[in-house]
$ cat run20.cif   # mmCIF, C-alpha atoms
data_coords
#
loop_
_atom_site.label_atom_id
_atom_site.label_comp_id
_atom_site.auth_asym_id
_atom_site.auth_seq_id
_atom_site.Cartn_x
_atom_site.Cartn_y
_atom_site.Cartn_z
CA MET B 1 -1.72 -5.31 -5.04
CA HIS B 2 -4.67 -5.93 -2.83
CA LYS B 3 -4.72 -4.40 0.61
CA LEU B 4 -7.09 -5.89 3.16
CA ILE B 5 -9.97 -3.55 3.90
CA LEU B 6 -9.95 -3.38 7.68
CA PRO B 7 -11.13 -0.88 10.30
CA LEU B 8 -8.59 1.87 10.88
CA LEU B 9 -10.38 4.04 13.36
CA ALA B 10 -10.09 3.96 17.10
CA SER B 11 -13.87 4.26 17.24
CA ALA B 12 -16.36 3.02 14.68
CA ALA B 13 -18.87 5.65 15.76
CA LEU B 14 -17.82 8.35 13.34
CA ALA B 15 -20.75 10.55 12.38
CA ILE B 16 -19.54 12.72 9.54
CA ALA B 17 -22.01 13.64 6.85
CA VAL B 18 -20.96 14.44 3.31
CA PRO B 19 -22.52 17.82 2.47
CA ALA B 20 -25.59 17.61 0.29
CA LEU B 21 -25.42 19.36 -3.04
CA GLY B 22 -28.98 20.66 -2.90
CA GLN B 23 -31.89 20.00 -5.23
CA ASP B 24 -30.81 22.71 -7.64
CA ALA B 25 -27.26 21.34 -7.97
CA LYS B 26 -27.96 18.08 -9.78
CA PRO B 27 -27.22 18.85 -13.42
CA LEU B 28 -26.52 15.17 -14.21
CA ALA B 29 -29.58 13.75 -12.44
CA GLY B 30 -31.08 10.78 -14.24
CA GLN B 31 -27.81 9.52 -15.68
CA SER B 32 -26.39 6.10 -14.77
CA ILE B 33 -22.84 4.84 -14.42
CA THR B 34 -21.14 1.58 -13.58
CA VAL B 35 -18.28 1.46 -11.07
CA LEU B 36 -15.95 -1.51 -10.67
CA MET B 37 -13.99 -1.82 -7.41
CA PRO B 38 -12.55 -4.54 -5.15
CA SER B 39 -14.82 -6.09 -2.56
CA PRO B 40 -15.84 -5.27 0.07
CA GLN B 41 -17.05 -1.68 -0.17
CA GLY B 42 -19.33 0.34 2.09
CA PRO B 43 -22.97 -0.72 1.71
CA ASN B 44 -24.39 2.78 1.14
CA ILE B 45 -22.03 4.19 -1.49
CA ALA B 46 -24.43 3.97 -4.42
CA SER B 47 -27.49 5.25 -2.54
CA ASP B 48 -25.59 8.12 -0.88
CA PHE B 49 -24.13 9.29 -4.20
CA GLU B 50 -27.47 9.09 -5.96
CA ALA B 51 -29.16 11.03 -3.16
CA GLU B 52 -26.65 13.85 -3.55
CA THR B 53 -26.28 13.95 -7.32
CA GLY B 54 -29.24 12.17 -8.83
CA ILE B 55 -26.82 9.89 -10.69
CA HIS B 56 -27.57 6.19 -10.40
CA VAL B 57 -24.59 3.93 -9.67
CA ASP B 58 -24.35 0.26 -10.51
CA LEU B 59 -21.54 -0.62 -8.07
CA GLN B 60 -19.89 -3.87 -9.11
CA THR B 61 -17.32 -5.54 -6.85
CA LEU B 62 -15.00 -8.43 -7.55
CA SER B 63 -12.22 -10.13 -5.63
CA TRP B 64 -8.90 -8.36 -6.11
CA ASP B 65 -7.42 -11.14 -8.23
CA ASP B 66 -10.33 -10.99 -10.68
CA ILE B 67 -10.34 -7.24 -11.38
CA ARG B 68 -7.20 -6.75 -13.43
CA PRO B 69 -7.95 -9.61 -15.89
CA LYS B 70 -11.46 -8.22 -16.41
CA LEU B 71 -10.09 -4.72 -17.08
CA VAL B 72 -7.44 -5.92 -19.50
CA THR B 73 -9.80 -8.22 -21.40
CA ALA B 74 -12.37 -5.48 -21.92
CA LEU B 75 -9.93 -2.68 -22.69
CA VAL B 76 -7.97 -4.74 -25.22
CA ALA B 77 -11.30 -5.36 -26.97
CA GLY B 78 -12.06 -1.64 -26.93
CA THR B 79 -15.03 -1.91 -24.59
CA ALA B 80 -15.56 -0.23 -21.22
CA PRO B 81 -15.36 -2.61 -18.24
CA ALA B 82 -17.10 0.19 -16.29
CA ASP B 83 -17.35 3.99 -16.36
CA VAL B 84 -15.12 4.19 -13.28
CA THR B 85 -12.65 1.47 -12.35
CA GLU B 86 -10.10 0.48 -9.79
CA PHE B 87 -6.55 1.51 -10.75
CA ASP B 88 -3.72 0.10 -8.64
CA TRP B 89 -0.33 1.81 -8.33
CA SER B 90 1.41 -1.22 -9.85
CA TRP B 91 -0.63 -1.00 -13.08
CA THR B 92 0.32 2.59 -13.84
CA GLY B 93 3.12 1.93 -16.31
CA GLN B 94 1.34 -0.77 -18.27
CA PHE B 95 -2.00 1.03 -18.46
CA SER B 96 -0.34 4.32 -19.41
CA ALA B 97 1.63 2.67 -22.20
CA ALA B 98 -1.59 1.13 -23.52
CA GLY B 99 -3.35 4.52 -23.54
CA TRP B 100 -6.48 3.07 -22.00
CA TYR B 101 -7.33 5.75 -19.45
CA MET B 102 -8.45 9.34 -19.58
CA PRO B 103 -6.01 11.98 -18.23
CA LEU B 104 -7.66 13.79 -15.34
CA ASP B 105 -5.44 16.89 -15.09
CA ASP B 106 -8.05 19.20 -16.60
CA VAL B 107 -10.94 18.01 -14.42
CA ILE B 108 -9.28 17.65 -10.99
CA ASP B 109 -8.29 20.91 -9.31
CA ALA B 110 -4.71 21.65 -8.24
CA ASP B 111 -5.63 21.88 -4.54
CA THR B 112 -6.92 18.30 -4.62
CA VAL B 113 -3.74 17.03 -6.25
CA LYS B 114 -1.66 18.91 -3.67
CA ASP B 115 -3.73 17.51 -0.79
CA ILE B 116 -3.39 13.96 -2.18
CA GLY B 117 0.40 13.71 -2.29
CA VAL B 118 0.42 10.11 -3.54
CA ALA B 119 -1.32 11.29 -6.73
CA LYS B 120 2.18 11.62 -8.20
CA ILE B 121 2.41 7.82 -8.24
CA PHE B 122 -0.37 7.84 -10.86
CA THR B 123 1.22 10.57 -12.98
CA VAL B 124 3.10 9.55 -16.13
CA ASP B 125 4.61 12.07 -18.56
CA GLY B 126 2.69 14.81 -16.80
CA LYS B 127 -0.65 13.03 -17.15
CA LEU B 128 -2.66 12.19 -14.03
CA LEU B 129 -4.41 8.89 -14.75
CA GLY B 130 -6.01 8.06 -11.40
CA ILE B 131 -7.13 9.80 -8.20
CA PRO B 132 -6.05 7.83 -5.10
CA TYR B 133 -8.97 6.96 -2.83
CA THR B 134 -7.36 4.66 -0.27
CA ASN B 135 -3.91 5.01 1.14
CA ASP B 136 -1.40 2.30 1.75
CA PHE B 137 2.17 2.95 2.67
CA ARG B 138 4.60 1.15 4.86
CA VAL B 139 5.07 1.81 8.55
CA MET B 140 6.42 -0.49 11.25
CA LEU B 141 3.93 -2.22 13.51
CA VAL B 142 5.09 -3.20 16.98
CA ASN B 143 3.66 -4.97 20.00
CA LYS B 144 4.38 -2.27 22.57
CA LYS B 145 3.67 -4.66 25.48
CA HIS B 146 6.51 -6.91 24.34
CA PHE B 147 8.83 -3.90 24.28
CA VAL B 148 7.77 -2.83 27.79
CA ASP B 149 8.12 -6.39 29.11
CA ALA B 150 11.65 -6.49 27.69
CA GLY B 151 12.50 -3.24 29.43
CA ILE B 152 12.78 -1.26 26.19
CA THR B 153 11.65 2.29 26.85
CA GLU B 154 12.33 3.91 23.47
CA MET B 155 11.11 2.73 20.09
CA PRO B 156 13.90 2.17 17.54
CA LYS B 157 14.70 4.86 15.00
CA THR B 158 17.65 3.06 13.40
CA LEU B 159 18.03 -0.45 12.03
CA ASP B 160 20.78 -1.17 14.58
CA ALA B 161 18.43 -0.19 17.39
CA LEU B 162 15.73 -2.37 15.86
CA VAL B 163 18.00 -5.42 15.86
CA ALA B 164 19.11 -4.69 19.44
CA ALA B 165 15.46 -4.47 20.55
CA ALA B 166 14.55 -7.72 18.80
CA LYS B 167 17.50 -9.52 20.42
CA LYS B 168 16.48 -8.26 23.85
CA ILE B 169 12.89 -9.44 23.35
CA LYS B 170 14.22 -12.85 22.30
CA GLU B 171 16.70 -13.06 25.18
CA LYS B 172 13.95 -12.26 27.69
CA GLY B 173 11.97 -15.21 26.33
CA ILE B 174 8.99 -13.07 25.40
CA VAL B 175 8.81 -14.60 21.92
CA GLU B 176 11.15 -16.92 20.03
CA TYR B 177 11.09 -15.04 16.73
CA PRO B 178 10.51 -11.31 17.37
CA ILE B 179 10.50 -10.06 13.75
CA GLY B 180 7.82 -10.81 11.19
CA LEU B 181 9.26 -10.77 7.67
CA PRO B 182 7.87 -12.55 4.59
CA VAL B 183 10.59 -14.23 2.52
CA SER B 184 8.35 -16.49 0.45
CA ALA B 185 7.98 -16.24 -3.32
CA THR B 186 5.15 -13.71 -2.95
CA GLU B 187 4.63 -9.98 -3.41
CA GLY B 188 5.01 -9.39 0.33
CA ALA B 189 8.66 -10.45 0.13
CA SER B 190 9.21 -8.00 -2.71
CA THR B 191 7.66 -5.03 -0.92
CA SER B 192 9.59 -5.76 2.29
CA TRP B 193 12.87 -5.73 0.35
CA TYR B 194 11.87 -2.50 -1.37
CA LEU B 195 11.23 -0.88 2.01
CA LEU B 196 14.57 -2.03 3.41
CA THR B 197 16.32 -0.76 0.28
CA LYS B 198 14.81 2.64 1.06
CA ALA B 199 15.79 2.20 4.71
CA PHE B 200 19.42 1.68 3.71
CA GLY B 201 19.27 4.96 1.83
CA GLY B 202 18.97 3.79 -1.76
CA GLU B 203 16.73 3.26 -4.75
CA LEU B 204 16.12 0.25 -6.97
CA PHE B 205 17.06 1.88 -10.30
CA ASP B 206 18.60 5.02 -11.72
CA LYS B 207 16.61 7.35 -13.97
CA ASP B 208 17.27 5.08 -16.97
CA PHE B 209 16.16 1.94 -15.10
CA ASN B 210 19.67 0.59 -14.65
CA PRO B 211 19.77 -1.62 -11.50
CA LEU B 212 21.37 -0.02 -8.46
CA PHE B 213 21.41 -3.08 -6.21
CA THR B 214 24.14 -5.42 -7.49
CA SER B 215 27.15 -3.84 -5.75
CA PRO B 216 27.92 -4.96 -2.17
CA ASP B 217 27.91 -1.33 -1.06
CA SER B 218 24.46 -0.68 -2.56
CA ALA B 219 21.32 -0.30 -0.46
CA GLY B 220 19.48 -3.18 -2.15
CA TYR B 221 22.39 -5.55 -1.56
CA LYS B 222 22.61 -4.48 2.09
CA ALA B 223 18.84 -4.92 2.45
CA LEU B 224 18.92 -8.58 1.43
CA ALA B 225 22.05 -9.22 3.52
CA PHE B 226 20.15 -7.69 6.46
CA GLU B 227 17.20 -10.03 5.91
CA LEU B 228 19.47 -13.09 5.79
CA MET B 229 21.22 -11.90 8.97
CA LEU B 230 17.85 -11.72 10.74
CA LEU B 231 17.16 -15.31 9.71
CA LYS B 232 20.63 -16.50 10.77
CA GLU B 233 20.36 -14.78 14.16
CA GLY B 234 17.03 -16.49 14.84
CA LEU B 235 15.08 -13.23 14.86
CA VAL B 236 12.83 -14.33 11.96
CA ASP B 237 11.02 -17.66 11.90
CA PRO B 238 12.56 -19.98 9.25
CA ALA B 239 9.00 -21.04 8.36
CA SER B 240 8.61 -17.55 6.82
CA THR B 241 10.12 -18.93 3.60
CA GLY B 242 6.72 -20.53 2.99
CA LEU B 243 4.36 -17.91 4.46
CA LYS B 244 2.56 -15.00 2.82
CA ASP B 245 2.63 -11.60 4.50
CA SER B 246 -1.05 -12.00 5.39
CA GLN B 247 -0.26 -15.21 7.28
CA ILE B 248 2.59 -13.58 9.17
CA ASN B 249 0.38 -10.62 10.01
CA GLU B 250 -2.63 -12.62 11.13
CA SER B 251 -1.31 -15.95 12.43
CA MET B 252 1.90 -14.67 14.01
CA PHE B 253 1.83 -10.94 14.80
CA GLY B 254 -1.93 -10.92 15.43
CA GLN B 255 -1.56 -13.84 17.83
CA GLY B 256 1.33 -12.29 19.78
CA ILE B 257 3.86 -14.78 18.38
CA THR B 258 6.00 -12.01 16.87
CA SER B 259 6.68 -8.50 18.17
CA ILE B 260 7.58 -6.48 15.06
CA MET B 261 6.24 -6.31 11.52
CA ILE B 262 9.05 -4.82 9.43
CA SER B 263 6.79 -3.85 6.54
CA GLY B 264 3.62 -2.94 8.40
CA GLU B 265 0.27 -2.10 6.82
CA PRO B 266 -1.67 0.79 8.41
CA GLY B 267 -4.95 -0.86 7.44
CA ARG B 268 -4.37 -3.64 9.95
CA LEU B 269 -4.29 -1.41 13.02
CA GLY B 270 -8.01 -1.50 13.65
CA GLN B 271 -8.24 -5.27 13.36
CA MET B 272 -5.16 -5.80 15.53
CA ASN B 273 -6.64 -3.62 18.28
CA ASP B 274 -10.12 -5.14 18.11
CA PRO B 275 -10.63 -7.63 21.00
CA LYS B 276 -13.10 -9.59 18.88
CA GLN B 277 -10.52 -10.22 16.16
CA SER B 278 -7.14 -10.12 17.86
CA LYS B 279 -5.28 -11.56 20.82
CA VAL B 280 -3.10 -8.45 20.96
CA ALA B 281 -5.81 -5.80 21.20
CA GLY B 282 -4.53 -2.68 22.93
CA GLN B 283 -0.91 -3.71 22.40
CA VAL B 284 -0.28 -2.76 18.76
CA GLU B 285 0.91 0.61 17.50
CA ALA B 286 2.57 2.00 14.39
CA ILE B 287 6.00 3.62 14.56
CA LEU B 288 8.02 5.40 11.91
CA VAL B 289 10.10 3.09 9.73
CA PRO B 290 13.62 2.81 11.22
CA THR B 291 16.48 3.35 8.78
CA ALA B 292 20.25 3.09 8.72
CA SER B 293 20.55 6.86 9.15
CA GLY B 294 17.66 7.37 11.56
CA GLU B 295 15.81 9.53 9.00
CA THR B 296 12.58 7.64 8.27
CA ARG B 297 11.49 6.78 4.72
CA SER B 298 8.57 4.95 3.19
CA PHE B 299 6.89 4.30 -0.14
CA GLY B 300 3.30 4.17 -1.25
CA LEU B 301 1.10 1.40 -2.62
CA PRO B 302 -2.16 3.33 -3.01
CA GLU B 303 -5.26 2.50 -5.02
CA ALA B 304 -7.02 4.99 -7.25
CA LEU B 305 -10.16 5.50 -9.29
CA ALA B 306 -9.80 6.08 -13.02
CA ILE B 307 -11.98 6.53 -16.09
CA PRO B 308 -11.45 4.47 -19.26
CA ASN B 309 -11.21 6.47 -22.47
CA VAL B 310 -14.06 4.37 -23.84
CA SER B 311 -16.43 5.22 -21.00
CA PRO B 312 -19.67 6.55 -22.54
CA ASN B 313 -20.58 8.57 -19.41
CA LYS B 314 -17.50 10.63 -18.63
CA GLU B 315 -19.20 13.62 -16.99
CA ALA B 316 -21.08 11.49 -14.48
CA ALA B 317 -17.95 9.35 -13.98
CA ILE B 318 -15.93 12.46 -13.14
CA ALA B 319 -18.60 13.51 -10.64
CA PHE B 320 -18.30 10.14 -8.88
CA VAL B 321 -14.50 10.28 -8.72
CA LYS B 322 -14.62 13.79 -7.24
CA TRP B 323 -17.25 12.79 -4.69
CA PHE B 324 -15.54 9.57 -3.64
CA THR B 325 -12.15 11.27 -3.18
CA SER B 326 -13.49 14.41 -1.46
CA LYS B 327 -12.23 15.19 2.03
CA ASP B 328 -15.63 14.79 3.64
CA PHE B 329 -16.29 11.41 2.06
CA GLN B 330 -12.78 10.16 2.85
CA LYS B 331 -13.35 11.00 6.52
CA LYS B 332 -16.69 9.21 6.43
CA ASN B 333 -15.32 6.19 4.53
CA ALA B 334 -12.44 5.76 6.99
CA VAL B 335 -14.85 3.94 9.30
CA ASN B 336 -14.96 1.20 6.64
CA GLY B 337 -11.19 0.77 6.84
CA PHE B 338 -10.05 3.08 4.03
CA LEU B 339 -7.10 5.21 5.13
CA PRO B 340 -7.60 8.68 3.60
CA THR B 341 -5.25 9.75 0.84
CA ARG B 342 -5.84 13.42 1.64
CA THR B 343 -3.39 14.83 4.17
CA SER B 344 -6.13 17.18 5.39
CA ALA B 345 -8.54 14.30 6.07
CA LEU B 346 -5.88 12.28 7.88
CA SER B 347 -4.94 15.27 10.03
CA GLU B 348 -8.54 16.07 10.94
CA LEU B 349 -9.28 12.47 11.89
CA ASN B 350 -6.16 12.41 14.03
CA GLU B 351 -6.98 15.71 15.72
CA SER B 352 -10.40 14.31 16.65
CA GLY B 353 -8.75 11.24 18.21
CA LYS B 354 -10.37 8.86 15.76
CA LEU B 355 -7.24 7.38 14.17
CA ASN B 356 -5.23 4.50 15.63
CA SER B 357 -1.55 5.57 15.95
CA GLY B 358 -2.63 8.76 14.25
CA ASP B 359 0.48 10.82 15.01
CA ALA B 360 2.73 8.16 13.48
CA LEU B 361 0.51 7.68 10.43
CA VAL B 362 0.29 11.40 9.70
CA ALA B 363 4.06 11.80 10.14
CA GLN B 364 4.86 8.77 7.98
CA SER B 365 2.40 9.82 5.27
CA LYS B 366 4.43 12.99 4.74
CA THR B 367 7.52 10.90 3.91
CA VAL B 368 5.85 8.60 1.38
CA GLU B 369 7.74 8.38 -1.92
CA PRO B 370 6.90 6.59 -5.16
CA LEU B 371 8.78 3.33 -5.51
CA PHE B 372 9.62 4.37 -9.07
CA PRO B 373 10.15 8.16 -9.36
CA GLN B 374 9.86 7.81 -13.18
CA GLY B 375 6.49 6.09 -12.84
CA THR B 376 5.71 2.42 -12.33
CA PRO B 377 7.03 0.62 -15.42
CA PRO B 378 4.90 -1.70 -17.58
CA TRP B 379 7.17 -4.62 -16.69
CA TYR B 380 6.75 -4.27 -12.92
CA PRO B 381 4.79 -7.55 -12.40
CA GLN B 382 7.53 -9.64 -14.05
CA PHE B 383 10.23 -7.78 -12.13
CA SER B 384 8.49 -8.30 -8.79
CA SER B 385 8.16 -12.02 -9.50
CA GLY B 386 11.90 -12.18 -10.16
CA VAL B 387 12.58 -10.30 -6.93
CA ASN B 388 10.61 -12.54 -4.60
CA THR B 389 11.76 -15.75 -6.31
CA ALA B 390 15.40 -14.76 -5.76
CA ILE B 391 14.77 -13.64 -2.17
CA ASN B 392 13.05 -16.92 -1.41
CA SER B 393 15.97 -18.90 -2.85
CA ALA B 394 18.47 -16.87 -0.81
CA ALA B 395 16.40 -17.31 2.36
CA LYS B 396 16.44 -21.07 1.81
CA GLY B 397 20.22 -21.02 1.40
CA GLN B 398 20.05 -21.90 -2.29
CA MET B 399 21.61 -18.59 -3.42
CA SER B 400 24.17 -16.17 -2.03
CA VAL B 401 23.37 -12.46 -1.83
CA ASP B 402 25.56 -11.93 -4.90
CA GLN B 403 23.70 -14.57 -6.86
CA ALA B 404 20.29 -13.28 -5.77
CA MET B 405 21.12 -9.71 -6.78
CA GLU B 406 22.37 -10.88 -10.17
CA ALA B 407 19.20 -12.95 -10.60
CA ILE B 408 17.05 -9.90 -9.81
CA ALA B 409 19.03 -7.74 -12.25
CA SER B 410 18.59 -10.43 -14.90
CA ALA B 411 14.85 -10.59 -14.20
CA ALA B 412 14.64 -6.82 -14.64
CA LYS B 413 16.50 -6.98 -17.94
CA GLN B 414 14.26 -9.78 -19.23
CA ALA B 415 11.11 -7.97 -18.08
CA MET B 416 12.14 -4.78 -19.89
CA ALA B 417 12.81 -6.73 -23.08
CA GLN B 418 9.34 -8.25 -23.22
#
$ encode --input "run20.cif" --output "structure tokens"
Amino acid sequence: MHKLILPLLASAALAIAVPALGQDAKPLAGQSITVLMPSPQGPNIASDFEAETGIHVDLQTLSWDDIRPKLVTALVAGTAPADVTEFDWSWTGQFSAAGWYMPLDDVIDADTVKDIGVAKIFTVDGKLLGIPYTNDFRVMLVNKKHFVDAGITEMPKTLDALVAAAKKIKEKGIVEYPIGLPVSATEGASTSWYLLTKAFGGELFDKDFNPLFTSPDSAGYKALAFELMLLKEGLVDPASTGLKDSQINESMFGQGITSIMISGEPGRLGQMNDPKQSKVAGQVEAILVPTASGETRSFGLPEALAIPNVSPNKEAAIAFVKWFTSKDFQKKNAVNGFLPTRTSALSELNESGKLNSGDALVAQSKTVEPLFPQGTPPWYPQFSSGVNTAINSAAKGQMSVDQAMEAIASAAKQAMAQ
């Protein structure tokens, strides 16, 4: 799914140069490649890469919604949409099953894979299909001023403490609906439920993709019951049944109308703390995701670069992937709003004081798990649609928790059968 590309750094003045390779280290000079990525991207990517390697890059960008159809159309026809392409976590199962992309295990060194922990999300049957270049995982975003004004001195580590804090903020009249939670028929509702399922200590499926959320004592069941409780208690705005997560982030949390984003996006921290873009600048921070047990958990939704099997310029494509995902470039590219996927890059940015809520982001990044330990299945898009449709119906009072869980299990079964 598309993540908004927003400034992450506490200061935009980050002067980190990617080391030059030297004039005698350009064995592929004169070659050309095409690269297809979501817009926007940094303006100097192509020129910087060519200056270092001698390889010319035709950088093509499209809106997020337009990329996947273009990839599928070209790859089904056996043609290369580009030499290097975007590869989202949610496409891993489908693209692996189709055999469209080149395994990168033999060309990416083990230290890189170890440094980029979320690379395992792009690994299917031992084959690494994409190298993550921008990180996205879930944290909790809070308006710390609202907490202080409510007399709350400690950020919640458990879900019970979270609810207690939200009730106190509401009782003090600071905001009417303290918690931002999408429950519309959109992907944001799905990912919020996934996070809460993790927070209640569970998983969506067993190793054979049998649903684990239909029993009342299961984590997924408790997660939806928790969401409906938040609505019933007046802690979540009823209008959220018709709002996307981006609207709740920008029009509610970003305007100081809500105090807590349950499923927070690290990439929004810079925008939220920018006085030119936000009414809550200086008030927003990330905290570790509270859970039922108090032991934080999260899952990743990263984006990677990958090389189609039909690419005619694989050597130069590999060079670009290595350069774009290098530690030095990730640190440089962070100023454009791309959270590094390398633990080393994140840590170094944080140590230099350049990362908003850096301690929390580094700590949370070490807990990031794949949503599907077996690898994202080919039928994920249909499953997710079934999830958010059922959640939306339950939030509107049209389904009970039991009925919603059965509907989601049925959607999973139908998706697998297709």
$ resolve_selection --input "run20.cif" --expression "the PyMOL selection byres ((chain B and resi 106-112) around 9)" --output "list in words"
Pro103, Leu104, Asp105, Val113, Lys114, Asp115, Ile116, Gly117, Ile131, Ile318, Lys322, Thr325, Ser326 and Arg342 of chain B
$ closest_residue --input "run20.cif" --among "B:Ile67, B:Leu28, B:Val118, B:Ile257" --to "Thr341 (chain B)" --atoms "all atoms listed in the file"
B:Val118
$ atom_distance --input "run20.cif" --atom1 "CA of Ile262 (chain B)" --atom2 "CA of Met155 (chain B)"
13.2 Å
$ atom_distance --input "run20.cif" --atom1 "CA of Ser259 (chain B)" --atom2 "CA of Leu243 (chain B)"
16.8 Å
$ closest_atom_pairs --input "run20.cif" --of "region 231-348 of chain B" --to "region 198-202 of chain B" --cutoff "12 Å" --atoms "only C-alpha atoms" --output "tab-separated table"
residue	atom	partner	partner_atom	distance
B:Ile262	CA	B:Ala199	CA	10.8
B:Ser263	CA	B:Ala199	CA	11.0
B:Leu288	CA	B:Ala199	CA	11.1
B:Val289	CA	B:Ala199	CA	7.6
B:Pro290	CA	B:Ala199	CA	6.9
B:Thr291	CA	B:Ala199	CA	4.3
B:Ala292	CA	B:Phe200	CA	5.3
B:Ser293	CA	B:Phe200	CA	7.6
B:Gly294	CA	B:Ala199	CA	8.8
B:Glu295	CA	B:Ala199	CA	8.5
B:Thr296	CA	B:Ala199	CA	7.3
B:Arg297	CA	B:Ala199	CA	6.3
B:Ser298	CA	B:Lys198	CA	7.0
B:Phe299	CA	B:Lys198	CA	8.2
B:Gly300	CA	B:Lys198	CA	11.8
$ residues_around --input "run20.cif" --residues "region 408-410 of chain B" --least-positions-apart "3" --cutoff "9 Å" --atoms "all atoms listed in the file" --output "list in words"
Asn210, Pro211, Leu212, Phe213, Thr214, Phe383, Ser384, Gly386, Val387, Asn388, Thr389, Ala390, Ile391, Gln403, Ala404, Met405, Lys413, Gln414 and Ala415 of chain B
$ write_last_selection --input "run20.cif" --atoms "C-alpha atoms" --output "PDB file, in the frame of the given file"
ATOM      1  CA  ASN B 210      19.670   0.590 -14.650  1.00  0.00           C
ATOM      2  CA  PRO B 211      19.770  -1.620 -11.500  1.00  0.00           C
ATOM      3  CA  LEU B 212      21.370  -0.020  -8.460  1.00  0.00           C
ATOM      4  CA  PHE B 213      21.410  -3.080  -6.210  1.00  0.00           C
ATOM      5  CA  THR B 214      24.140  -5.420  -7.490  1.00  0.00           C
ATOM      6  CA  PHE B 383      10.230  -7.780 -12.130  1.00  0.00           C
ATOM      7  CA  SER B 384       8.490  -8.300  -8.790  1.00  0.00           C
ATOM      8  CA  GLY B 386      11.900 -12.180 -10.160  1.00  0.00           C
ATOM      9  CA  VAL B 387      12.580 -10.300  -6.930  1.00  0.00           C
ATOM     10  CA  ASN B 388      10.610 -12.540  -4.600  1.00  0.00           C
ATOM     11  CA  THR B 389      11.760 -15.750  -6.310  1.00  0.00           C
ATOM     12  CA  ALA B 390      15.400 -14.760  -5.760  1.00  0.00           C
ATOM     13  CA  ILE B 391      14.770 -13.640  -2.170  1.00  0.00           C
ATOM     14  CA  GLN B 403      23.700 -14.570  -6.860  1.00  0.00           C
ATOM     15  CA  ALA B 404      20.290 -13.280  -5.770  1.00  0.00           C
ATOM     16  CA  MET B 405      21.120  -9.710  -6.780  1.00  0.00           C
ATOM     17  CA  LYS B 413      16.500  -6.980 -17.940  1.00  0.00           C
ATOM     18  CA  GLN B 414      14.260  -9.780 -19.230  1.00  0.00           C
ATOM     19  CA  ALA B 415      11.110  -7.970 -18.080  1.00  0.00           C
TER      20      ALA B 415
END
$ resolve_selection --input "run20.cif" --expression "the PyMOL selection byres ((chain B and resi 235) around 7)" --output "PDB file with C-alpha atoms, keeping the file's coordinate frame"
ATOM      1  CA  ALA B 166      14.550  -7.720  18.800  1.00  0.00           C
ATOM      2  CA  TYR B 177      11.090 -15.040  16.730  1.00  0.00           C
ATOM      3  CA  PRO B 178      10.510 -11.310  17.370  1.00  0.00           C
ATOM      4  CA  ILE B 179      10.500 -10.060  13.750  1.00  0.00           C
ATOM      5  CA  LEU B 230      17.850 -11.720  10.740  1.00  0.00           C
ATOM      6  CA  LEU B 231      17.160 -15.310   9.710  1.00  0.00           C
ATOM      7  CA  GLU B 233      20.360 -14.780  14.160  1.00  0.00           C
ATOM      8  CA  GLY B 234      17.030 -16.490  14.840  1.00  0.00           C
ATOM      9  CA  VAL B 236      12.830 -14.330  11.960  1.00  0.00           C
ATOM     10  CA  ASP B 237      11.020 -17.660  11.900  1.00  0.00           C
TER      11      ASP B 237
END
$ decode --input "run20.cif" --residues "region 372-400 of chain B" --atoms "C-alpha atoms" --output "tab-separated table (two decimals), in the first residue's frame"
chain	number	residue	atom	x	y	z
B	372	PHE	CA	2.46	-13.31	7.43
B	373	PRO	CA	5.46	-15.34	8.71
B	374	GLN	CA	4.98	-17.74	5.75
B	375	GLY	CA	5.18	-14.85	3.28
B	376	THR	CA	2.43	-12.57	2.03
B	377	PRO	CA	-0.04	-14.81	0.18
B	378	PRO	CA	-1.18	-14.17	-3.41
B	379	TRP	CA	-4.75	-13.70	-2.20
B	380	TYR	CA	-3.93	-10.92	0.28
B	381	PRO	CA	-5.76	-8.11	-1.62
B	382	GLN	CA	-9.05	-10.04	-1.63
B	383	PHE	CA	-8.62	-10.99	2.02
B	384	SER	CA	-7.93	-7.40	3.08
B	385	SER	CA	-11.05	-6.22	1.25
B	386	GLY	CA	-13.09	-8.80	3.15
B	387	VAL	CA	-11.53	-7.66	6.43
B	388	ASN	CA	-12.30	-3.97	6.10
B	389	THR	CA	-15.78	-4.57	4.69
B	390	ALA	CA	-16.68	-6.70	7.73
B	391	ILE	CA	-15.10	-4.23	10.18
B	392	ASN	CA	-17.03	-1.38	8.61
B	393	SER	CA	-20.31	-3.30	8.89
B	394	ALA	CA	-19.61	-4.12	12.55
B	395	ALA	CA	-18.71	-0.50	13.29
B	396	LYS	CA	-22.03	0.59	11.80
B	397	GLY	CA	-23.89	-1.92	13.98
B	398	GLN	CA	-24.87	-4.09	11.02
B	399	MET	CA	-22.87	-7.11	12.23
B	400	SER	CA	-21.91	-8.58	15.59
